[in-house]
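Engineer: My structure is in protein.pdb, and what it holds is PDB, C-alpha atoms and all ligand atoms:
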ATOM      1  CA  MET P   1      28.454   0.080  38.699
ATOM      2  CA  ARG P   2      28.664  -0.112  34.911
ATOM      3  CA  PHE P   3      29.464   3.601  34.509
ATOM      4  CA  GLU P   4      32.175   4.262  37.068
ATOM      5  CA  ASP P   5      34.662   6.765  35.569
ATOM      6  CA  ARG P   6      32.211   7.484  32.727
ATOM      7  CA  THR P   7      30.644  10.829  31.921
ATOM      8  CA  ALA P   8      27.319  11.364  30.170
ATOM      9  CA  VAL P   9      25.334  14.161  28.580
ATOM     10  CA  VAL P  10      21.574  13.644  28.679
ATOM     11  CA  THR P  11      19.495  16.090  26.648
ATOM     12  CA  GLY P  12      15.873  16.389  27.669
ATOM     13  CA  GLY P  13      17.140  15.145  31.019
ATOM     14  CA  GLY P  14      14.725  17.335  32.950
ATOM     15  CA  SER P  15      11.687  15.137  32.329
ATOM     16  CA  GLY P  16      10.295  11.754  31.345
ATOM     17  CA  ILE P  17      12.546   9.276  29.566
ATOM     18  CA  GLY P  18      15.643  11.511  29.690
ATOM     19  CA  ARG P  19      15.213  12.028  33.394
ATOM     20  CA  ALA P  20      14.891   8.265  34.043
ATOM     21  CA  ILE P  21      18.020   7.601  31.953
ATOM     22  CA  ALA P  22      19.976  10.292  33.834
ATOM     23  CA  GLU P  23      18.909   8.702  37.128
ATOM     24  CA  GLY P  24      19.992   5.256  35.941
ATOM     25  CA  LEU P  25      23.379   6.496  34.735
ATOM     26  CA  ALA P  26      24.026   8.422  37.961
ATOM     27  CA  ALA P  27      22.965   5.429  40.089
ATOM     28  CA  GLU P  28      25.572   3.306  38.294
ATOM     29  CA  GLY P  29      28.409   5.748  38.841
ATOM     30  CA  ALA P  30      28.379   8.148  35.840
ATOM     31  CA  ARG P  31      28.944  11.872  36.193
ATOM     32  CA  VAL P  32      26.071  13.424  34.296
ATOM     33  CA  ALA P  33      25.280  16.737  32.597
ATOM     34  CA  ILE P  34      21.547  17.377  32.302
ATOM     35  CA  VAL P  35      20.642  19.504  29.289
ATOM     36  CA  ASP P  36      17.167  20.965  28.903
ATOM     37  CA  ILE P  37      15.488  23.973  27.313
ATOM     38  CA  ASP P  38      13.728  24.443  30.658
ATOM     39  CA  ALA P  39      16.431  25.736  33.020
ATOM     40  CA  GLY P  40      14.343  25.057  36.142
ATOM     41  CA  ARG P  41      13.819  21.408  35.226
ATOM     42  CA  ALA P  42      17.499  20.933  34.411
ATOM     43  CA  GLU P  43      18.548  22.472  37.720
ATOM     44  CA  THR P  44      16.081  20.428  39.791
ATOM     45  CA  ALA P  45      17.204  17.168  38.169
ATOM     46  CA  ALA P  46      20.874  18.154  38.490
ATOM     47  CA  ARG P  47      20.471  18.963  42.193
ATOM     48  CA  GLU P  48      18.789  15.626  42.907
ATOM     49  CA  LEU P  49      21.394  13.615  40.969
ATOM     50  CA  SER P  50      24.512  15.636  41.913
ATOM     51  CA  ALA P  51      24.822  16.431  38.230
ATOM     52  CA  VAL P  52      25.671  19.485  36.152
ATOM     53  CA  ALA P  53      22.804  21.535  34.631
ATOM     54  CA  ILE P  54      23.061  23.132  31.187
ATOM     55  CA  GLN P  55      20.245  25.167  29.676
ATOM     56  CA  ALA P  56      20.135  24.842  25.873
ATOM     57  CA  ASP P  57      17.692  24.661  22.990
ATOM     58  CA  VAL P  58      18.846  21.733  20.848
ATOM     59  CA  SER P  59      17.113  23.154  17.779
ATOM     60  CA  ARG P  60      19.682  25.978  17.706
ATOM     61  CA  PRO P  61      23.047  24.906  16.240
ATOM     62  CA  GLU P  62      24.917  27.488  18.346
ATOM     63  CA  ASP P  63      23.351  26.039  21.527
ATOM     64  CA  ALA P  64      24.426  22.538  20.499
ATOM     65  CA  VAL P  65      28.039  23.676  20.068
ATOM     66  CA  ARG P  66      27.907  25.512  23.420
ATOM     67  CA  LEU P  67      26.409  22.583  25.322
ATOM     68  CA  ALA P  68      29.063  20.199  23.989
ATOM     69  CA  ALA P  69      31.871  22.598  24.945
ATOM     70  CA  GLU P  70      30.377  23.329  28.361
ATOM     71  CA  ALA P  71      29.807  19.644  29.157
ATOM     72  CA  ALA P  72      33.328  18.717  28.029
ATOM     73  CA  ARG P  73      34.768  21.486  30.205
ATOM     74  CA  GLN P  74      32.700  20.646  33.297
ATOM     75  CA  LEU P  75      32.962  16.841  33.024
ATOM     76  CA  GLY P  76      36.481  16.692  31.541
ATOM     77  CA  LYS P  77      35.298  14.411  28.668
ATOM     78  CA  ILE P  78      32.059  13.089  27.165
ATOM     79  CA  ASP P  79      31.818   9.297  26.997
ATOM     80  CA  ILE P  80      28.069   8.987  26.502
ATOM     81  CA  LEU P  81      25.408  11.097  24.777
ATOM     82  CA  ILE P  82      21.759  10.307  25.311
ATOM     83  CA  HIS P  83      19.763  12.610  23.073
ATOM     84  CA  SER P  84      16.237  12.521  24.499
ATOM     85  CA  ALA P  85      15.128  16.149  24.021
ATOM     86  CA  GLY P  86      12.052  16.203  21.835
ATOM     87  CA  VAL P  87       8.473  17.305  21.406
ATOM     88  CA  GLY P  88       5.368  15.614  20.060
ATOM     89  CA  ALA P  89       2.127  16.706  18.464
ATOM     90  CA  GLU P  90      -0.900  14.903  17.114
ATOM     91  CA  ARG P  91      -2.172  16.500  13.901
ATOM     92  CA  SER P  92      -3.611  14.975  10.725
ATOM     93  CA  PHE P  93      -1.705  15.093   7.446
ATOM     94  CA  LEU P  94      -4.209  17.422   5.766
ATOM     95  CA  ASP P  95      -4.301  19.815   8.744
ATOM     96  CA  THR P  96      -0.554  20.079   9.469
ATOM     97  CA  THR P  97       0.594  23.664   8.845
ATOM     98  CA  PRO P  98       4.080  24.614   7.614
ATOM     99  CA  ASP P  99       4.787  26.200  11.030
ATOM    100  CA  GLU P 100       3.832  22.996  12.888
ATOM    101  CA  TRP P 101       5.897  20.939  10.447
ATOM    102  CA  ARG P 102       8.956  23.194  10.866
ATOM    103  CA  ARG P 103       8.732  23.231  14.676
ATOM    104  CA  ILE P 104       8.737  19.436  15.018
ATOM    105  CA  ILE P 105      11.382  18.882  12.327
ATOM    106  CA  ASP P 106      13.597  21.619  13.841
ATOM    107  CA  ILE P 107      13.503  20.168  17.350
ATOM    108  CA  ASP P 108      13.197  16.417  16.794
ATOM    109  CA  LEU P 109      15.267  15.898  13.634
ATOM    110  CA  SER P 110      17.567  18.914  13.212
ATOM    111  CA  GLY P 111      18.123  19.036  17.002
ATOM    112  CA  THR P 112      19.357  15.429  16.863
ATOM    113  CA  PHE P 113      21.756  16.300  14.036
ATOM    114  CA  TYR P 114      23.138  19.475  15.701
ATOM    115  CA  THR P 115      23.607  17.863  19.112
ATOM    116  CA  CYS P 116      25.059  14.563  17.930
ATOM    117  CA  GLN P 117      27.458  16.304  15.551
ATOM    118  CA  ALA P 118      28.726  18.751  18.193
ATOM    119  CA  VAL P 119      29.212  16.012  20.805
ATOM    120  CA  ALA P 120      30.667  13.516  18.302
ATOM    121  CA  LYS P 121      33.412  16.046  17.514
ATOM    122  CA  VAL P 122      34.433  15.917  21.189
ATOM    123  CA  MET P 123      34.179  12.092  21.203
ATOM    124  CA  ALA P 124      36.266  11.833  18.018
ATOM    125  CA  GLY P 125      39.181  13.455  19.847
ATOM    126  CA  GLN P 126      38.838  10.870  22.620
ATOM    127  CA  ARG P 127      38.467   7.912  20.210
ATOM    128  CA  TYR P 128      35.575   6.698  22.352
ATOM    129  CA  GLY P 129      31.884   7.383  22.457
ATOM    130  CA  ARG P 130      28.417   5.932  22.925
ATOM    131  CA  ILE P 131      25.570   7.803  21.254
ATOM    132  CA  VAL P 132      21.955   6.843  21.890
ATOM    133  CA  THR P 133      19.206   8.754  20.086
ATOM    134  CA  LEU P 134      15.467   8.623  20.712
ATOM    135  CA  ALA P 135      13.402   7.653  17.701
ATOM    136  CA  SER P 136       9.915   6.155  18.082
ATOM    137  CA  THR P 137       7.695   3.418  16.726
ATOM    138  CA  ALA P 138       6.126   6.405  14.894
ATOM    139  CA  GLY P 139       9.333   6.579  12.835
ATOM    140  CA  ILE P 140       8.784   3.016  11.602
ATOM    141  CA  ARG P 141       5.013   2.544  11.222
ATOM    142  CA  GLY P 142       2.451   4.983   9.943
ATOM    143  CA  GLY P 143      -0.610   5.990  11.929
ATOM    144  CA  THR P 144      -2.976   8.903  12.200
ATOM    145  CA  GLY P 145      -1.744  12.262  13.488
ATOM    146  CA  ARG P 146       1.975  11.602  13.058
ATOM    147  CA  THR P 147       2.886  13.569   9.946
ATOM    148  CA  ALA P 148       5.734  15.751  11.214
ATOM    149  CA  TYR P 149       6.555  13.610  14.258
ATOM    150  CA  GLY P 150       6.735  10.351  12.304
ATOM    151  CA  ALA P 151       8.770  11.951   9.519
ATOM    152  CA  ALA P 152      11.198  13.441  12.061
ATOM    153  CA  LYS P 153      11.612  10.132  13.898
ATOM    154  CA  GLY P 154      12.085   8.218  10.632
ATOM    155  CA  GLY P 155      14.849  10.712   9.903
ATOM    156  CA  VAL P 156      16.399  10.101  13.331
ATOM    157  CA  ILE P 157      16.620   6.375  12.552
ATOM    158  CA  THR P 158      18.439   6.918   9.244
ATOM    159  CA  LEU P 159      20.665   9.634  10.710
ATOM    160  CA  THR P 160      21.673   7.285  13.535
ATOM    161  CA  LYS P 161      22.569   4.528  11.066
ATOM    162  CA  VAL P 162      24.720   6.957   9.057
ATOM    163  CA  MET P 163      26.465   8.053  12.273
ATOM    164  CA  ALA P 164      27.070   4.394  13.189
ATOM    165  CA  VAL P 165      28.838   3.813   9.879
ATOM    166  CA  GLU P 166      30.880   7.014   9.731
ATOM    167  CA  LEU P 167      31.846   7.101  13.416
ATOM    168  CA  ALA P 168      32.785   3.399  13.751
ATOM    169  CA  PRO P 169      36.455   3.999  12.821
ATOM    170  CA  LEU P 170      36.606   6.613  15.609
ATOM    171  CA  GLY P 171      35.551   4.181  18.341
ATOM    172  CA  ILE P 172      32.054   5.657  18.589
ATOM    173  CA  THR P 173      28.871   3.584  18.458
ATOM    174  CA  ALA P 174      25.452   5.050  17.614
ATOM    175  CA  ASN P 175      22.158   3.321  18.258
ATOM    176  CA  THR P 176      18.559   4.435  18.489
ATOM    177  CA  LEU P 177      15.633   3.484  20.668
ATOM    178  CA  ALA P 178      12.119   3.164  19.303
ATOM    179  CA  PRO P 179       9.821   3.454  22.299
ATOM    180  CA  GLY P 180       6.127   2.790  21.895
ATOM    181  CA  ALA P 181       3.657   4.477  24.234
ATOM    182  CA  ILE P 182       5.464   5.514  27.417
ATOM    183  CA  GLU P 183       3.731   7.384  30.258
ATOM    184  CA  THR P 184       5.344  10.861  30.237
ATOM    185  CA  GLU P 185       4.364  14.533  29.912
ATOM    186  CA  LEU P 186       4.800  14.241  26.131
ATOM    187  CA  VAL P 187       2.255  11.436  25.899
ATOM    188  CA  LYS P 188      -0.169  13.273  28.187
ATOM    189  CA  LYS P 189      -0.126  16.126  25.648
ATOM    190  CA  MET P 190      -0.011  13.967  22.516
ATOM    191  CA  HIS P 191      -2.484  11.117  23.191
ATOM    192  CA  SER P 192      -6.188  11.898  23.338
ATOM    193  CA  ALA P 193      -8.476   9.592  25.358
ATOM    194  CA  GLU P 194      -9.478   7.955  22.062
ATOM    195  CA  THR P 195      -5.834   7.459  21.008
ATOM    196  CA  ARG P 196      -5.145   5.706  24.321
ATOM    197  CA  VAL P 197      -7.946   3.170  23.845
ATOM    198  CA  VAL P 198      -7.040   2.456  20.206
ATOM    199  CA  TYR P 199      -3.291   2.322  20.916
ATOM    200  CA  ARG P 200      -3.656  -0.158  23.754
ATOM    201  CA  ARG P 201      -5.532  -2.588  21.533
ATOM    202  CA  GLY P 202      -2.381  -2.873  19.406
ATOM    203  CA  ILE P 203      -0.006  -3.613  22.301
ATOM    204  CA  PRO P 204       0.383  -7.352  23.035
ATOM    205  CA  LEU P 205       1.642  -6.609  26.574
ATOM    206  CA  ASP P 206      -1.609  -4.640  27.016
ATOM    207  CA  ARG P 207      -0.330  -1.496  28.749
ATOM    208  CA  TYR P 208       1.671   1.679  28.240
ATOM    209  CA  GLY P 209       5.313   1.488  29.318
ATOM    210  CA  VAL P 210       7.105   3.578  31.947
ATOM    211  CA  PRO P 211      10.305   5.657  31.484
ATOM    212  CA  GLU P 212      12.394   3.231  33.577
ATOM    213  CA  GLU P 213      11.716   0.493  30.991
ATOM    214  CA  VAL P 214      13.216   2.669  28.238
ATOM    215  CA  ALA P 215      16.082   3.660  30.542
ATOM    216  CA  ALA P 216      17.069   0.001  31.010
ATOM    217  CA  ALA P 217      17.515  -0.353  27.237
ATOM    218  CA  ALA P 218      19.390   2.969  26.977
ATOM    219  CA  LEU P 219      21.800   1.958  29.735
ATOM    220  CA  PHE P 220      22.594  -1.275  27.915
ATOM    221  CA  LEU P 221      23.358   0.594  24.667
ATOM    222  CA  ALA P 222      25.478   3.127  26.583
ATOM    223  CA  SER P 223      27.484   0.440  28.372
ATOM    224  CA  ASP P 224      30.587  -1.478  27.363
ATOM    225  CA  GLU P 225      28.465  -4.629  27.176
ATOM    226  CA  ALA P 226      27.082  -3.172  23.920
ATOM    227  CA  ARG P 227      30.515  -2.549  22.380
ATOM    228  CA  TYR P 228      29.678  -4.681  19.306
ATOM    229  CA  VAL P 229      26.214  -3.134  18.836
ATOM    230  CA  THR P 230      26.014  -0.169  16.475
ATOM    231  CA  GLY P 231      23.409   1.083  14.015
ATOM    232  CA  ALA P 232      20.670  -0.827  15.837
ATOM    233  CA  VAL P 233      17.055   0.223  16.267
ATOM    234  CA  LEU P 234      15.854  -1.230  19.575
ATOM    235  CA  ALA P 235      12.094  -1.204  20.101
ATOM    236  CA  VAL P 236      10.801  -0.833  23.659
ATOM    237  CA  ASP P 237       7.132  -1.047  22.813
ATOM    238  CA  GLY P 238       5.353  -3.945  24.519
ATOM    239  CA  GLY P 239       5.315  -5.777  21.169
ATOM    240  CA  PHE P 240       3.521  -3.005  19.211
ATOM    241  CA  LEU P 241       5.795  -3.274  16.148
ATOM    242  CA  ALA P 242       5.469  -7.066  16.098
ATOM    243  CA  ALA P 243       1.694  -7.055  16.264
ATOM    244  CA  GLY P 244      -0.549  -7.657  13.292
ATOM    245  CA  VAL P 245      -4.104  -8.909  13.588
ATOM    246  CA  MET P 246      -4.808  -9.771  17.224
ATOM    247  CA  HIS P 247      -7.800 -11.704  18.517
ATOM    248  CA  ALA P 248      -9.046 -10.793  21.980
ATOM    249  CA  LYS P 249      -6.161 -11.156  24.410
ATOM    250  CA  PRO P 250      -6.478 -14.176  26.725
ATOM    251  CA  GLY P 251      -7.022 -13.506  30.440
TER     252      GLY P 251
HETATM  253  N1  LIG P 301       6.781   9.148  25.725
HETATM  254  C1  LIG P 301       6.662   8.374  24.658
HETATM  255  O1  LIG P 301       5.706   7.607  24.512
HETATM  256  C2  LIG P 301       7.713   8.401  23.588
HETATM  257  C3  LIG P 301       7.612   7.437  22.588
HETATM  258  C4  LIG P 301       8.572   7.425  21.585
HETATM  259  C5  LIG P 301       9.598   8.342  21.590
HETATM  260  N2  LIG P 301       9.676   9.275  22.568
HETATM  261  C6  LIG P 301      10.770  10.233  22.509
HETATM  262  O2  LIG P 301      11.487  10.211  23.716
HETATM  263  C7  LIG P 301      12.059  11.508  23.945
HETATM  264  C8  LIG P 301      11.682  11.995  25.336
HETATM  265  O3  LIG P 301      10.286  12.128  25.418
HETATM  266  P1  LIG P 301       9.493  12.137  26.810
HETATM  267  O4  LIG P 301       8.263  11.341  26.596
HETATM  268  O5  LIG P 301      10.415  11.820  27.920
HETATM  269  O6  LIG P 301       9.041  13.691  26.843
HETATM  270  P2  LIG P 301       9.034  14.775  28.019
HETATM  271  O7  LIG P 301       8.193  15.888  27.502
HETATM  272  O8  LIG P 301       8.658  14.156  29.318
HETATM  273  O9  LIG P 301      10.563  15.228  28.092
HETATM  274  C9  LIG P 301      11.181  15.914  27.036
HETATM  275  C10 LIG P 301      12.183  16.915  27.607
HETATM  276  O10 LIG P 301      12.825  17.558  26.502
HETATM  277  C11 LIG P 301      12.907  18.948  26.771
HETATM  278  N3  LIG P 301      12.963  19.676  25.508
HETATM  279  C12 LIG P 301      11.948  19.895  24.633
HETATM  280  N4  LIG P 301      12.371  20.650  23.605
HETATM  281  C13 LIG P 301      13.693  20.905  23.824
HETATM  282  C14 LIG P 301      14.666  21.650  23.121
HETATM  283  N5  LIG P 301      14.368  22.271  21.990
HETATM  284  N6  LIG P 301      15.903  21.709  23.640
HETATM  285  C15 LIG P 301      16.217  21.087  24.798
HETATM  286  N7  LIG P 301      15.317  20.378  25.514
HETATM  287  C16 LIG P 301      14.069  20.303  25.032
HETATM  288  C17 LIG P 301      11.666  19.262  27.574
HETATM  289  O11 LIG P 301      11.788  20.478  28.320
HETATM  290  C18 LIG P 301      11.530  18.023  28.442
HETATM  291  O12 LIG P 301      12.208  18.181  29.687
HETATM  292  C19 LIG P 301      11.507  12.412  22.823
HETATM  293  O13 LIG P 301      12.472  12.502  21.798
HETATM  294  C20 LIG P 301      10.300  11.664  22.342
HETATM  295  O14 LIG P 301       9.968  11.960  21.010
HETATM  296  C21 LIG P 301       8.748   9.326  23.584
END
In structure tokens, how does this file's structure come out?

Structural biologist:
Amino acid sequence: MRFEDRTAVVTGGGSGIGRAIAEGLAAEGARVAIVDIDAGRAETAARELSAVAIQADVSRPEDAVRLAAEAARQLGKIDILIHSAGVGAERSFLDTTPDEWRRIIDIDLSGTFYTCQAVAKVMAGQRYGRIVTLASTAGIRGGTGRTAYGAAKGGVITLTKVMAVELAPLGITANTLAPGAIETELVKKMHSAETRVVYRRGIPLDRYGVPEEVAAAALFLASDEARYVTGAVLAVDGGFLAAGVMHAKPG
């Protein structure tokens, strides 16, 4: 029970990676607030995990301030923030419209800034905090169809490093996860059949991951075992970032 007496806010906790992280935290004793733009999803997850549900759109600064205040009031304090709310889209550089660009940047990058800032202000008063953001391998490597998404996730990585530096004196760590291809609703929408075949060729472990495999890494970063880890980018990608030229895989 690594999280007994700990409280956690999980944005995007209604689905996919966020949901798996919320389950893991609750199973190890944390009291959890599930934040999602989809109220129904948040409530279902909250009911199943005996958690608190908060509906909020992280791309709206006023929602971020409200969710932090509501979570602090309902949980008494906020020890851990997992910011997993996000959206994806596959669109080529030349075809990306300003509206598509703005939507992804607003939710994935600005949403990370608004939410982390609002929650970090609560954590600063406590002199304790663990922040884990969700970047992506798309924020590190290029690739087709990742103009806005890749730019947003690259921004999340740098933002998380800046938070790690500025929040260190306040007892708050900030780290980011860079998942590769993980089987969730987001990937169902974002990866075409062709993308799946091409992507898999670049993964040494030769399969897509599952949300529980990202959750295991998130729980480590959120725990006291990771107290000397801050500003890190932890890939959970089956070796995708490590891979260069690969001959046919044995077996
Ligand atoms: N699945 C992958 O392969 C993968 C890879 C790398 C990074 N990621 C990142 O992991 C995070 C979670 O992705 P997932 O695959 O679990 O997706 P998902 O679609 O299964 O879950 C995302 C959740 O975020 C919520 N959400 C979306 N916009 C929101 C908003 N504006 N405000 C509040 N909640 C909002 C959705 O309702 C949903 O419940 C995202 O940031 C994503 O970019 C996913």

Engineer: Give me the box for range 7-15 of chain P as AutoDock Vina command-line options, namely the centre and edge lengths in Å to one decimal of a box along x, y and z that holds every listed atom plus 5 Å on each side.

Structural biologist:
--center_x 21.2 --center_y 14.1 --center_z 29.8 --size_x 29.0 --size_y 16.5 --size_z 16.3

Engineer: Expressed in Å to a single decimal, how great is the separation between CA of Ala174 in chain P and CA of Met190 in chain P?

Structural biologist: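 Pair CA of Ala174 in chain P / CA of Met190 in chain P returns 27.4 Å.
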
Engineer: Would you translate the PyMOL selection byres (((chain P and resi 21) around 9) and not hetatm) into the concrete set of residues it matches in this file, as a ChimeraX atom specification?

Structural biologist: /P:10,13,16-20,22-26,82,211-212,214-216,218-219

Engineer: I'd like to see the residues matched by the PyMOL selection byres (((chain P and resi 199) around 12) and not hetatm) on this file, and ideally I'd get them as a PDB file with C-alpha atoms, in the coordinates of the input.

Structural biologist:
ATOM      1  CA  THR P 137       7.695   3.418  16.726  1.00  0.00           C
ATOM      2  CA  ALA P 138       6.126   6.405  14.894  1.00  0.00           C
ATOM      3  CA  GLY P 143      -0.610   5.990  11.929  1.00  0.00           C
ATOM      4  CA  THR P 144      -2.976   8.903  12.200  1.00  0.00           C
ATOM      5  CA  GLY P 180       6.127   2.790  21.895  1.00  0.00           C
ATOM      6  CA  ALA P 181       3.657   4.477  24.234  1.00  0.00           C
ATOM      7  CA  ILE P 182       5.464   5.514  27.417  1.00  0.00           C
ATOM      8  CA  VAL P 187       2.255  11.436  25.899  1.00  0.00           C
ATOM      9  CA  HIS P 191      -2.484  11.117  23.191  1.00  0.00           C
ATOM     10  CA  SER P 192      -6.188  11.898  23.338  1.00  0.00           C
ATOM     11  CA  ALA P 193      -8.476   9.592  25.358  1.00  0.00           C
ATOM     12  CA  GLU P 194      -9.478   7.955  22.062  1.00  0.00           C
ATOM     13  CA  THR P 195      -5.834   7.459  21.008  1.00  0.00           C
ATOM     14  CA  ARG P 196      -5.145   5.706  24.321  1.00  0.00           C
ATOM     15  CA  VAL P 197      -7.946   3.170  23.845  1.00  0.00           C
ATOM     16  CA  VAL P 198      -7.040   2.456  20.206  1.00  0.00           C
ATOM     17  CA  ARG P 200      -3.656  -0.158  23.754  1.00  0.00           C
ATOM     18  CA  ARG P 201      -5.532  -2.588  21.533  1.00  0.00           C
ATOM     19  CA  GLY P 202      -2.381  -2.873  19.406  1.00  0.00           C
ATOM     20  CA  ILE P 203      -0.006  -3.613  22.301  1.00  0.00           C
ATOM     21  CA  PRO P 204       0.383  -7.352  23.035  1.00  0.00           C
ATOM     22  CA  LEU P 205       1.642  -6.609  26.574  1.00  0.00           C
ATOM     23  CA  ASP P 206      -1.609  -4.640  27.016  1.00  0.00           C
ATOM     24  CA  ARG P 207      -0.330  -1.496  28.749  1.00  0.00           C
ATOM     25  CA  TYR P 208       1.671   1.679  28.240  1.00  0.00           C
ATOM     26  CA  ASP P 237       7.132  -1.047  22.813  1.00  0.00           C
ATOM     27  CA  GLY P 238       5.353  -3.945  24.519  1.00  0.00           C
ATOM     28  CA  GLY P 239       5.315  -5.777  21.169  1.00  0.00           C
ATOM     29  CA  PHE P 240       3.521  -3.005  19.211  1.00  0.00           C
ATOM     30  CA  LEU P 241       5.795  -3.274  16.148  1.00  0.00           C
ATOM     31  CA  ALA P 243       1.694  -7.055  16.264  1.00  0.00           C
TER      32      ALA P 243
END

Engineer: If I take atom C17 of ligand LIG 301 (chain P) and CA of Asp224 in chain P, how far is one from the other in Å, to one decimal?

Structural biologist: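 About the pair atom C17 of ligand LIG 301 (chain P) and CA of Asp224 in chain P: they are 28.1 Å apart.
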
Engineer: I'd like to know which of P:Ile78, P:Ala178, P:Ala72, P:Ile104 is closest to ligand LIG 301 (chain P), using all atoms listed in the file.

Structural biologist: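 Of the candidates, the smallest distance to ligand LIG 301 (chain P) is held by P:Ala178.
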
Engineer: Could you write range 140-154 of chain P as a PDB file, in the frame of the given file, with N, CA, C and O atoms rebuilt where they are missing?

Structural biologist:
ATOM      1  N   ILE P 140       8.709   4.288  12.327  1.00  0.00           N
ATOM      2  CA  ILE P 140       8.784   3.016  11.602  1.00  0.00           C
ATOM      3  C   ILE P 140       7.442   2.673  10.964  1.00  0.00           C
ATOM      4  O   ILE P 140       7.373   2.289   9.804  1.00  0.00           O
ATOM      5  N   ARG P 141       6.362   2.814  11.740  1.00  0.00           N
ATOM      6  CA  ARG P 141       5.013   2.544  11.222  1.00  0.00           C
ATOM      7  C   ARG P 141       4.284   3.856  10.983  1.00  0.00           C
ATOM      8  O   ARG P 141       4.600   4.870  11.605  1.00  0.00           O
ATOM      9  N   GLY P 142       3.299   3.809  10.120  1.00  0.00           N
ATOM     10  CA  GLY P 142       2.451   4.983   9.943  1.00  0.00           C
ATOM     11  C   GLY P 142       1.440   5.054  11.077  1.00  0.00           C
ATOM     12  O   GLY P 142       1.593   4.415  12.110  1.00  0.00           O
ATOM     13  N   GLY P 143       0.413   5.834  10.885  1.00  0.00           N
ATOM     14  CA  GLY P 143      -0.610   5.990  11.929  1.00  0.00           C
ATOM     15  C   GLY P 143      -1.186   7.380  11.806  1.00  0.00           C
ATOM     16  O   GLY P 143      -0.530   8.267  11.246  1.00  0.00           O
ATOM     17  N   THR P 144      -2.367   7.577  12.328  1.00  0.00           N
ATOM     18  CA  THR P 144      -2.976   8.903  12.200  1.00  0.00           C
ATOM     19  C   THR P 144      -2.270   9.911  13.098  1.00  0.00           C
ATOM     20  O   THR P 144      -1.765   9.568  14.169  1.00  0.00           O
ATOM     21  N   GLY P 145      -2.208  11.155  12.639  1.00  0.00           N
ATOM     22  CA  GLY P 145      -1.744  12.262  13.488  1.00  0.00           C
ATOM     23  C   GLY P 145      -0.245  12.375  13.654  1.00  0.00           C
ATOM     24  O   GLY P 145       0.229  13.104  14.518  1.00  0.00           O
ATOM     25  N   ARG P 146       0.521  11.631  12.828  1.00  0.00           N
ATOM     26  CA  ARG P 146       1.975  11.602  13.058  1.00  0.00           C
ATOM     27  C   ARG P 146       2.782  12.113  11.862  1.00  0.00           C
ATOM     28  O   ARG P 146       3.881  11.634  11.603  1.00  0.00           O
ATOM     29  N   THR P 147       2.243  13.095  11.174  1.00  0.00           N
ATOM     30  CA  THR P 147       2.886  13.569   9.946  1.00  0.00           C
ATOM     31  C   THR P 147       4.297  14.083  10.213  1.00  0.00           C
ATOM     32  O   THR P 147       5.279  13.495   9.757  1.00  0.00           O
ATOM     33  N   ALA P 148       4.417  15.160  10.957  1.00  0.00           N
ATOM     34  CA  ALA P 148       5.734  15.751  11.214  1.00  0.00           C
ATOM     35  C   ALA P 148       6.530  14.878  12.187  1.00  0.00           C
ATOM     36  O   ALA P 148       7.720  14.631  11.986  1.00  0.00           O
ATOM     37  N   TYR P 149       5.871  14.401  13.230  1.00  0.00           N
ATOM     38  CA  TYR P 149       6.555  13.610  14.258  1.00  0.00           C
ATOM     39  C   TYR P 149       7.118  12.315  13.665  1.00  0.00           C
ATOM     40  O   TYR P 149       8.285  11.978  13.866  1.00  0.00           O
ATOM     41  N   GLY P 150       6.288  11.604  12.907  1.00  0.00           N
ATOM     42  CA  GLY P 150       6.735  10.351  12.304  1.00  0.00           C
ATOM     43  C   GLY P 150       7.856  10.581  11.305  1.00  0.00           C
ATOM     44  O   GLY P 150       8.829   9.820  11.254  1.00  0.00           O
ATOM     45  N   ALA P 151       7.725  11.647  10.505  1.00  0.00           N
ATOM     46  CA  ALA P 151       8.770  11.951   9.519  1.00  0.00           C
ATOM     47  C   ALA P 151      10.083  12.294  10.229  1.00  0.00           C
ATOM     48  O   ALA P 151      11.160  11.846   9.826  1.00  0.00           O
ATOM     49  N   ALA P 152       9.986  13.073  11.305  1.00  0.00           N
ATOM     50  CA  ALA P 152      11.198  13.441  12.061  1.00  0.00           C
ATOM     51  C   ALA P 152      11.853  12.191  12.657  1.00  0.00           C
ATOM     52  O   ALA P 152      13.075  12.013  12.575  1.00  0.00           O
ATOM     53  N   LYS P 153      11.050  11.315  13.233  1.00  0.00           N
ATOM     54  CA  LYS P 153      11.612  10.132  13.898  1.00  0.00           C
ATOM     55  C   LYS P 153      12.158   9.126  12.881  1.00  0.00           C
ATOM     56  O   LYS P 153      13.145   8.436  13.148  1.00  0.00           O
ATOM     57  N   GLY P 154      11.516   9.045  11.703  1.00  0.00           N
ATOM     58  CA  GLY P 154      12.085   8.218  10.632  1.00  0.00           C
ATOM     59  C   GLY P 154      13.453   8.751  10.235  1.00  0.00           C
ATOM     60  O   GLY P 154      14.396   7.993   9.997  1.00  0.00           O
TER      61      GLY P 154
END
